[in-house]
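Engineer: Before we start, here is the structure in question, set down as structure tokens.
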Amino acid sequence: MSDVKAQSGRNEASVMNRSVMTQLLVDKLKSGEAVIGGIGNSNFDLWASGQRPQNFYMLGSMGLATPIALGVALAQPQRKVFALDGDGSILMQLGALGTVAAEVSKNLAIIIWDNGLYQITGSQKTLTSAGADLVAIAKGAGIAQSYWAFDQAHFESLIERALVEDGPWFIAVRIDAEKPAGVTERDPVKIRLNFMQGLGAKP
Amino acid sequence: MSTSQTNETWYAVVARVLKANKVTLVAYVPDNVLAPLIKLIHADPDFTVVCPAREEEAVAIVAGAYMGGRRGIALMQTSGFATIPNALASLICPYEIPLLMMISERGTLGDFQKGQAIVCRTMRPVLQSLGIEHFAIQDMGQLEFVVDSMIKQAFATQAPAAMILSPLLTKRVAA
């Protein structure tokens with residue numbers, strides 16, 4: 001891509017807000033796209049954005065939002081699937097990026113909220129604070145369409161592309177350390193049944 | 001090894017029973033014992049095969065596929081099983097997801113690797129403490145019934161199941 005902005009690294013990306021960007025993303029979903037919210041603030045802000053039936057809230061299993069999304073994408077190749085996860089979470093399961101690349105998951109997009117912190121456990125620094133660049137890692141794992149969202153408008157244009165063009169996509173967003181806009185109701189079985197109903201799944 | 005009646009191998013029986021139960025997504029981290037089953041499944045276009053980097057990924061992929069309406073199974077060896085208790089305890093068990101696992105049992109009955117032998121002893125206590133249905137299949141006479149009925153029970157009860165392949169099934173020379 002010749003777009004200079006798209007070639008920017010983590011240091012050039014504007015710092016945005018997870019609640020605002022989650023709402024922006026969700027507002028663009030018009031075709032029953034599935035969304036997997038990763039552990040902690042990623043799924044809390046997804047919950048706060050409105051409880052769509054096609055949302056799944058992952059309350060534990062840190063690092064597994066992307067492989068869950070890959071499984072959904074494999075089961076329903078006609079549906080776009082988004083994984084929303086934090087920098088600390090994806091750092092635990094970097095191999096999953098290689099798996100997504102190897103599967104050439106056309107209907108999968110991974111969105112990473114990167115504030116360089118394990119925010120929910122007391123804001124200890126993650127490796128991205130020490131210089132690890134998740135977009136470079138994703139590209140190195142084989143996901144060619146890996147971008148830093150340079151600013152809000154760029155984020156919106158990347159999401160709009162991910163909704164219509166083949167993936168896999170990896171979109172990283174630098175975010176602040178603001179608290180999430182809500183907290184997910186913790187009822188795992190209800191979450192799963194609502195999600196499966198939202199996807200029309202009958203395995 | 002094969003049965004005297006049909007000459008069907010253990011891995012051919014497993015593949016056949018998986019298909020009969022519409023379990024067509026297979027995610028695995030490889031193992032020598034599982035190698036012939038893996039080879040068979042790769043060669044069969046009825047199966048979709050995913051090869052993740054870790055067993056945790058395989059668990060999550062199969063869980064996601066189930067929620068999307070597709071049946072799958074995660075294949076691993078005992079040392080791989082030892083890497084997934086958190087995924088079982090915080091994803092599979094609380095969300096009541098019928099995760100099928102097929103685990104080749106290493107570290108017992110003649111294994112020469114001390115690490116395998118030690119990690120093997122953690123498998124059953126973990127399965128028991130999480131309340132996960134499990135059974136070690138020891139001979140061809142049990143195989144089809146156990147695999148078929150464990151799959152059916154898992155989906156009927158929304159509960160995970162661990163089918164353990166004992167060396168008695170996979171390594172013992174036929175009498």
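Convention: chains lettered A, B, ... in structure tokens order; per-chain residue numbering from 1; ligands numbered from 1 as shown.
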Please identify all residues of chain B having at least one atom at most 10 Å from any atom of chain A, considering only C-alpha atoms, and return them as number ranges by chain.
Structural biologist: B: 22-23, 25, 27, 48-54, 56-72, 84-97, 155
Engineer: Env of B:Leu18: 9 Å cut, atoms = only C-alpha atoms, seq-sep filter 4 positions within chain, self excluded. Answer as a PyMOL selection string.
Structural biologist: chain B and resi 13-14+22-24+72-73+147-148+151
Engineer: Give the answer as one residue: which of B:Pro160, B:Gln113, B:Lys171, B:Ser104 has the shortest atom-to-atom distance to B:Gly131, using only C-alpha atoms?
Structural biologist: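 Checking each of B:Pro160, B:Gln113, B:Lys171, B:Ser104 against B:Gly131, counting only C-alpha atoms, the winner is B:Pro160.
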Engineer: May I ask for the distance between atom CA of B:Leu100 and atom CA of B:Asp139, given in Å to one decimal place?
Structural biologist: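 Atom-to-atom, atom CA of B:Leu100 to atom CA of B:Asp139, that is 19.9 Å.
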Engineer: I want to know what sits within 8 Å of A:Ala149, based on only C-alpha atoms, with residues of the same chain fewer than 4 positions away left out; could you give that as a ChimeraX atom specification?
Structural biologist: /A:6,13-14,154-155,158,171-174
Engineer: Let me see the file: selected residues, all heavy atoms, as a compact mmCIF listing (two decimals), in the first residue's frame.
Structural biologist:
# COMPACT_ATOMS: atom_id res chain seq x y z
N ALA A 6 -0.47 4.46 6.30
CA ALA A 6 -0.57 3.03 6.57
C ALA A 6 0.80 2.40 6.86
O ALA A 6 0.88 1.33 7.42
CB ALA A 6 -1.23 2.34 5.39
N ALA A 13 1.23 6.53 15.36
CA ALA A 13 -0.23 6.41 15.46
C ALA A 13 -0.76 7.31 16.58
O ALA A 13 -0.16 7.41 17.66
CB ALA A 13 -0.61 4.96 15.72
N SER A 14 -1.89 7.95 16.32
CA SER A 14 -2.54 8.78 17.34
C SER A 14 -3.10 7.89 18.44
O SER A 14 -3.48 6.74 18.19
CB SER A 14 -3.70 9.57 16.73
OG SER A 14 -3.28 10.29 15.62
N HIS A 154 -8.75 7.09 9.69
CA HIS A 154 -8.05 5.95 9.11
C HIS A 154 -8.61 4.64 9.65
O HIS A 154 -8.80 3.66 8.91
CB HIS A 154 -6.55 6.07 9.41
CG HIS A 154 -5.71 5.06 8.69
ND1 HIS A 154 -4.61 4.46 9.27
CD2 HIS A 154 -5.80 4.52 7.45
CE1 HIS A 154 -4.08 3.60 8.41
NE2 HIS A 154 -4.78 3.64 7.31
N PHE A 155 -8.91 4.60 10.95
CA PHE A 155 -9.54 3.42 11.55
C PHE A 155 -10.86 3.11 10.83
O PHE A 155 -11.11 1.97 10.44
CB PHE A 155 -9.80 3.66 13.04
CG PHE A 155 -10.55 2.55 13.72
CD1 PHE A 155 -9.92 1.35 14.05
CD2 PHE A 155 -11.90 2.69 14.05
CE1 PHE A 155 -10.62 0.33 14.67
CE2 PHE A 155 -12.60 1.66 14.68
CZ PHE A 155 -11.96 0.49 14.99
N LEU A 158 -10.23 1.66 7.42
CA LEU A 158 -9.75 0.27 7.48
C LEU A 158 -10.90 -0.69 7.80
O LEU A 158 -11.00 -1.77 7.21
CB LEU A 158 -8.65 0.14 8.55
CG LEU A 158 -7.29 0.76 8.20
CD1 LEU A 158 -6.39 0.82 9.44
CD2 LEU A 158 -6.59 -0.04 7.09
N ILE A 171 -5.66 -5.02 12.52
CA ILE A 171 -5.72 -3.56 12.68
C ILE A 171 -5.42 -3.23 14.13
O ILE A 171 -6.16 -3.63 15.04
CB ILE A 171 -7.12 -3.03 12.28
CG1 ILE A 171 -7.41 -3.38 10.80
CG2 ILE A 171 -7.20 -1.52 12.50
CD1 ILE A 171 -8.86 -3.23 10.40
N ALA A 172 -4.31 -2.53 14.35
CA ALA A 172 -3.92 -2.17 15.71
C ALA A 172 -4.23 -0.70 15.96
O ALA A 172 -4.05 0.14 15.08
CB ALA A 172 -2.43 -2.44 15.92
N VAL A 173 -4.74 -0.43 17.16
CA VAL A 173 -5.18 0.91 17.52
C VAL A 173 -4.52 1.30 18.84
O VAL A 173 -4.68 0.60 19.84
CB VAL A 173 -6.72 0.95 17.69
CG1 VAL A 173 -7.18 2.38 17.96
CG2 VAL A 173 -7.43 0.36 16.48
N ARG A 174 -3.77 2.39 18.83
CA ARG A 174 -3.22 2.87 20.10
C ARG A 174 -4.33 3.54 20.90
O ARG A 174 -5.08 4.37 20.38
CB ARG A 174 -2.09 3.86 19.85
CG ARG A 174 -0.81 3.17 19.45
CD ARG A 174 0.38 4.08 19.62
NE ARG A 174 0.70 4.30 21.02
CZ ARG A 174 1.70 5.08 21.43
NH1 ARG A 174 2.45 5.71 20.55
NH2 ARG A 174 1.95 5.22 22.71
Engineer: I'd like the neighbourhood of A:Ala144 as a PyMOL selection string, where a residue qualifies if any of its atoms comes within 12 Å (using only C-alpha atoms), though same-chain residues fewer than 5 positions away should be ignored.
Structural biologist: chain A and resi 1+97-98+100-102+104-106+135-139+166-171
Engineer: List the spatial neighbours of A:Lys179 as a list of chain:residue names - criterion: any atom at most 10 Å away, only C-alpha atoms, same-chain residues fewer than 4 positions off excluded.
Structural biologist: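 The residues satisfying every condition are A:Asn17, A:Arg18, A:Ser19, A:Asn41, A:Phe44, A:Asp45, A:Gln119, A:Ile120.
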Engineer: With C-alpha atoms retained, write the just-selected residues as a compact mmCIF listing (two decimals), in the first residue's frame.
Structural biologist:
# COMPACT_ATOMS: atom_id res chain seq x y z
CA ASN A 17 -10.16 5.77 23.11
CA ARG A 18 -11.31 2.14 23.24
CA SER A 19 -14.95 2.86 24.16
CA ASN A 41 -11.85 -4.26 28.94
CA PHE A 44 -16.54 -4.79 28.62
CA ASP A 45 -16.53 -2.04 26.00
CA GLN A 119 -4.64 -2.04 32.44
CA ILE A 120 -7.03 -4.21 34.44
